[in-house]
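Input: a single structure, listed below in structure tokens.
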Amino acid sequence: MSPAVVPPVGARIRQARLERGTSLRALAREVGVSPSLVSQIETGKSQPSVSTLYAITTALGISVESLFDMRESAVASSPGVSPGTVPHALAILAAEPGRRIGPLVGAGGRETLELDSGVVWERLGRVPGAETDFLLVTYRPGGSSSGSGALMRHPGTEYGYLTSGELVLTLGFEEYTLRPGDSVCFESTTPHRYRNDGEVPAVGVWFVSGDVQ
């Protein structure tokens with residue numbers, strides 16, 4: 001896997017925290033983790049798990065999609081440029097002309113987020129202003145969306161299609177095993193967790209729509 005860009009997730013989180021006027025300790029308290037972990041994530045010394053990442057973005061009122069878009073926030077704040085408009089999209093392209101946001105993203109040009117607990121997100125595309133995370137998700141053997149085993153919940157509606165391997169989904173009080181060709185959809189506010197108990201990577205295509213903005 002050779003990502004085209006490794007987005008500065010920690011820098012984006014720190015930027016959003018400072019814009020919100022939230023102290024590091026206050027964010028850690030709201031998310032339920034230690035201040036040292038938040039500090040390590042912001043400085044790039046540690047990667048968050050899926051559940052911690054969603055908890056942080058929810059607390060800061062930003063979308064997971066925005067973690068890929070450090071420059072987009074600066075464009076959105078430019079005078080006379082309204083988010084979600086054609087000028088907004090063109091301004092993003094002008095700010096970073098070499099960056100592919102569609103309509104075609106080649107296999108070697110996908111941006112990648114390497115998360116804790118053996119999870120990798122690859123961005124499959126992006127339409128500026130759309131509230132959708134469009135991802136190729138890989139759970140390595142033993143990988144889980146939550147290192148602590150806790151269930152997570154976040155805004156949005158989740159759609160997933162597994163292409164290879166097996167993935168166990170805990171959804172509320174139920175547990176499901178996804179195999180190649182299986183699909184799932186549910187409100188992401190329902191407590192849930194994914195884990196790979198197998199010996200090969202579990203890979204699938206995921207959409208999370210209506211994410212927090």
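Chain labels follow the order of the structure tokens: the first chain is A, the next B, and so on; residue numbering restarts at 1 in every chain, and ligands are counted from 1 in their shown order.
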
Would you give me, as CSV, each residue of stretch 27-59 of chain A having an atom within 7 Å of an atom of stretch 144-150 of chain A, along with its shortest atom pair and that distance in Å to one decimal, using only C-alpha atoms and sorting by chain and residue number?
residue,atom,partner,partner_atom,distance
A:Ser49,CA,A:Ser146,CA,5.9
A:Val50,CA,A:Ser145,CA,4.8
A:Ser51,CA,A:Ser146,CA,5.4

Since we have the selection now, will you write its residues out, keeping N, CA, C and O atoms, as a PDB file, in the first residue's frame?
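Saved result, result-v4.pdb, follows:
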ATOM      1  N   SER A  49      -7.376   5.250  17.501  1.00  0.00           N
ATOM      2  CA  SER A  49      -8.199   4.152  16.996  1.00  0.00           C
ATOM      3  C   SER A  49      -9.385   4.760  16.268  1.00  0.00           C
ATOM      4  O   SER A  49      -9.619   5.975  16.320  1.00  0.00           O
ATOM      5  N   VAL A  50     -10.150   3.934  15.575  1.00  0.00           N
ATOM      6  CA  VAL A  50     -11.342   4.423  14.881  1.00  0.00           C
ATOM      7  C   VAL A  50     -12.299   5.075  15.866  1.00  0.00           C
ATOM      8  O   VAL A  50     -12.816   6.173  15.631  1.00  0.00           O
ATOM      9  N   SER A  51     -12.532   4.416  17.006  1.00  0.00           N
ATOM     10  CA  SER A  51     -13.485   4.942  17.981  1.00  0.00           C
ATOM     11  C   SER A  51     -13.010   6.261  18.574  1.00  0.00           C
ATOM     12  O   SER A  51     -13.793   7.196  18.758  1.00  0.00           O
TER      13      SER A  51
END

Can you build me a table of stretch 96-194 of chain A residues sitting at most 12 Å from stretch 8-17 of chain A, with the closest atom pair per residue and its distance in Å to one decimal, using only C-alpha atoms, sorted by chain and residue number, as a Markdown table?
| residue | atom | partner | partner_atom | distance |
| --- | --- | --- | --- | --- |
| A:Glu111 | CA | A:Pro8 | CA | 11.2 |
| A:Thr112 | CA | A:Pro8 | CA | 10.7 |
| A:Leu113 | CA | A:Val9 | CA | 8.2 |
| A:Glu114 | CA | A:Val9 | CA | 10.0 |
| A:Leu115 | CA | A:Val9 | CA | 10.1 |

Leaving out A:Arg29 and any residue of its chain fewer than 5 positions from it, which residues lie within 12 Å of it when counting only C-alpha atoms, given as a ChimeraX atom specification? /A:22-24,34-38,55-56,59

Deliver the residues from the most recent selection as a file, using N, CA and C atoms, as a PDB file, in the first residue's frame.
ATOM      1  N   THR A  22     -10.871  25.200  22.737  1.00  0.00           N
ATOM      2  CA  THR A  22     -10.901  24.117  23.714  1.00  0.00           C
ATOM      3  C   THR A  22      -9.486  23.760  24.139  1.00  0.00           C
ATOM      4  N   SER A  23      -9.271  23.630  25.414  1.00  0.00           N
ATOM      5  CA  SER A  23      -7.938  23.246  25.883  1.00  0.00           C
ATOM      6  C   SER A  23      -7.724  21.756  25.634  1.00  0.00           C
ATOM      7  N   LEU A  24      -6.466  21.365  25.634  1.00  0.00           N
ATOM      8  CA  LEU A  24      -6.131  19.964  25.427  1.00  0.00           C
ATOM      9  C   LEU A  24      -6.751  19.093  26.506  1.00  0.00           C
ATOM     10  N   SER A  34      -6.726  10.226  28.025  1.00  0.00           N
ATOM     11  CA  SER A  34      -5.773  11.040  28.781  1.00  0.00           C
ATOM     12  C   SER A  34      -5.295  12.222  27.948  1.00  0.00           C
ATOM     13  N   PRO A  35      -4.957  13.345  28.607  1.00  0.00           N
ATOM     14  CA  PRO A  35      -4.385  14.490  27.879  1.00  0.00           C
ATOM     15  C   PRO A  35      -3.121  14.125  27.122  1.00  0.00           C
ATOM     16  N   SER A  36      -2.326  13.211  27.679  1.00  0.00           N
ATOM     17  CA  SER A  36      -1.081  12.821  27.010  1.00  0.00           C
ATOM     18  C   SER A  36      -1.366  12.118  25.689  1.00  0.00           C
ATOM     19  N   LEU A  37      -2.463  11.335  25.619  1.00  0.00           N
ATOM     20  CA  LEU A  37      -2.812  10.664  24.365  1.00  0.00           C
ATOM     21  C   LEU A  37      -3.226  11.687  23.311  1.00  0.00           C
ATOM     22  N   VAL A  38      -4.032  12.677  23.714  1.00  0.00           N
ATOM     23  CA  VAL A  38      -4.442  13.723  22.776  1.00  0.00           C
ATOM     24  C   VAL A  38      -3.216  14.474  22.266  1.00  0.00           C
ATOM     25  N   ALA A  55     -14.731   9.946  18.232  1.00  0.00           N
ATOM     26  CA  ALA A  55     -15.060  10.687  19.459  1.00  0.00           C
ATOM     27  C   ALA A  55     -14.464  12.094  19.416  1.00  0.00           C
ATOM     28  N   ILE A  56     -13.227  12.211  18.907  1.00  0.00           N
ATOM     29  CA  ILE A  56     -12.571  13.516  18.825  1.00  0.00           C
ATOM     30  C   ILE A  56     -13.279  14.418  17.813  1.00  0.00           C
ATOM     31  N   ALA A  59     -16.591  15.588  19.169  1.00  0.00           N
ATOM     32  CA  ALA A  59     -16.420  16.599  20.223  1.00  0.00           C
ATOM     33  C   ALA A  59     -16.049  17.954  19.637  1.00  0.00           C
TER      34      ALA A  59
END

Close residues, stretch 195-207 of chain A itself excluded, 7 Å, only C-alpha atoms, min 6 positions apart in chain, as number ranges by chain: A: 132-145, 158-169

Nearest to A:Gly156: which of A:Val119, A:Ala28, A:Pro191, A:Phe186 is it, counting only C-alpha atoms?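 Distance minimum relative to A:Gly156 lands on A:Phe186.
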
Point out the residue among A:Pro48, A:Gly32, A:Gly21, A:Gly210 with the least atom-to-atom distance to A:Val120, counting only C-alpha atoms.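 Of A:Pro48, A:Gly32, A:Gly21, A:Gly210, the one nearest A:Val120, counting only C-alpha atoms, is A:Pro48.
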
Residues near A:Thr170, cut-off 9 Å, only C-alpha atoms, skip fewer than 3 positions along chain, as a PyMOL selection string: chain A and resi 151+173-177+191-195

Selection above as a file: N, CA, C and O atoms, as a tab-separated table (two decimals), in the first residue's frame:
chain	number	residue	atom	x	y	z
A	151	LEU	N	-17.68	-0.15	22.59
A	151	LEU	CA	-18.47	0.17	21.41
A	151	LEU	C	-18.39	1.67	21.15
A	151	LEU	O	-18.22	2.47	22.07
A	173	PHE	N	-26.87	-5.05	20.92
A	173	PHE	CA	-26.72	-6.30	21.67
A	173	PHE	C	-26.55	-7.50	20.75
A	173	PHE	O	-26.52	-8.64	21.21
A	174	GLU	N	-26.44	-7.25	19.45
A	174	GLU	CA	-26.32	-8.33	18.48
A	174	GLU	C	-24.90	-8.40	17.91
A	174	GLU	O	-24.16	-7.42	17.90
A	175	GLU	N	-24.53	-9.58	17.42
A	175	GLU	CA	-23.23	-9.76	16.79
A	175	GLU	C	-23.42	-10.47	15.45
A	175	GLU	O	-24.17	-11.45	15.35
A	176	TYR	N	-22.75	-9.94	14.42
A	176	TYR	CA	-22.89	-10.48	13.08
A	176	TYR	C	-21.50	-10.74	12.50
A	176	TYR	O	-20.57	-9.98	12.75
A	177	THR	N	-21.39	-11.83	11.71
A	177	THR	CA	-20.15	-12.11	11.00
A	177	THR	C	-20.34	-11.80	9.53
A	177	THR	O	-21.20	-12.39	8.87
A	191	PRO	N	-24.63	1.99	19.10
A	191	PRO	CA	-23.30	1.54	19.54
A	191	PRO	C	-22.83	0.35	18.72
A	191	PRO	O	-23.58	-0.62	18.52
A	192	HIS	N	-21.59	0.42	18.23
A	192	HIS	CA	-21.10	-0.65	17.37
A	192	HIS	C	-19.58	-0.76	17.44
A	192	HIS	O	-18.89	0.14	17.89
A	193	ARG	N	-19.11	-1.88	16.94
A	193	ARG	CA	-17.66	-2.13	16.87
A	193	ARG	C	-17.39	-3.19	15.82
A	193	ARG	O	-18.18	-4.12	15.65
A	194	TYR	N	-16.26	-3.04	15.10
A	194	TYR	CA	-15.81	-4.05	14.15
A	194	TYR	C	-14.53	-4.68	14.67
A	194	TYR	O	-13.70	-4.01	15.28
A	195	ARG	N	-14.36	-5.97	14.39
A	195	ARG	CA	-13.08	-6.61	14.71
A	195	ARG	C	-12.82	-7.75	13.71
A	195	ARG	O	-13.76	-8.34	13.16

re atom CA of A:Asp182 and atom CA of A:Trp121: distance 19.2 Å

Apply DSSP to the backbone of this structure and, from stretch 14-209 of chain A, keep only the residues in strand (DSSP E or B); write these as number ranges by chain. A: 112-115, 119-123, 132-139, 144, 152, 157-164, 167-171, 174-178, 183-187, 192-195, 202-209

State, in Å with one decimal place, the distance from atom CA of A:Leu171 to atom CA of A:Thr189.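 Computing the Euclidean distance for atom CA of A:Leu171 and atom CA of A:Thr189 yields 10.3 Å.
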
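Atom CA of A:Ile41 lies 15.8 Å from atom CA of A:Thr58.
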
A:Gly108, A:Gly181, A:Gly61, A:Gly172 ranked by distance to A:Glu122, top pick (using only C-alpha atoms):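 That would be A:Gly108, the residue with the smallest distance to A:Glu122.
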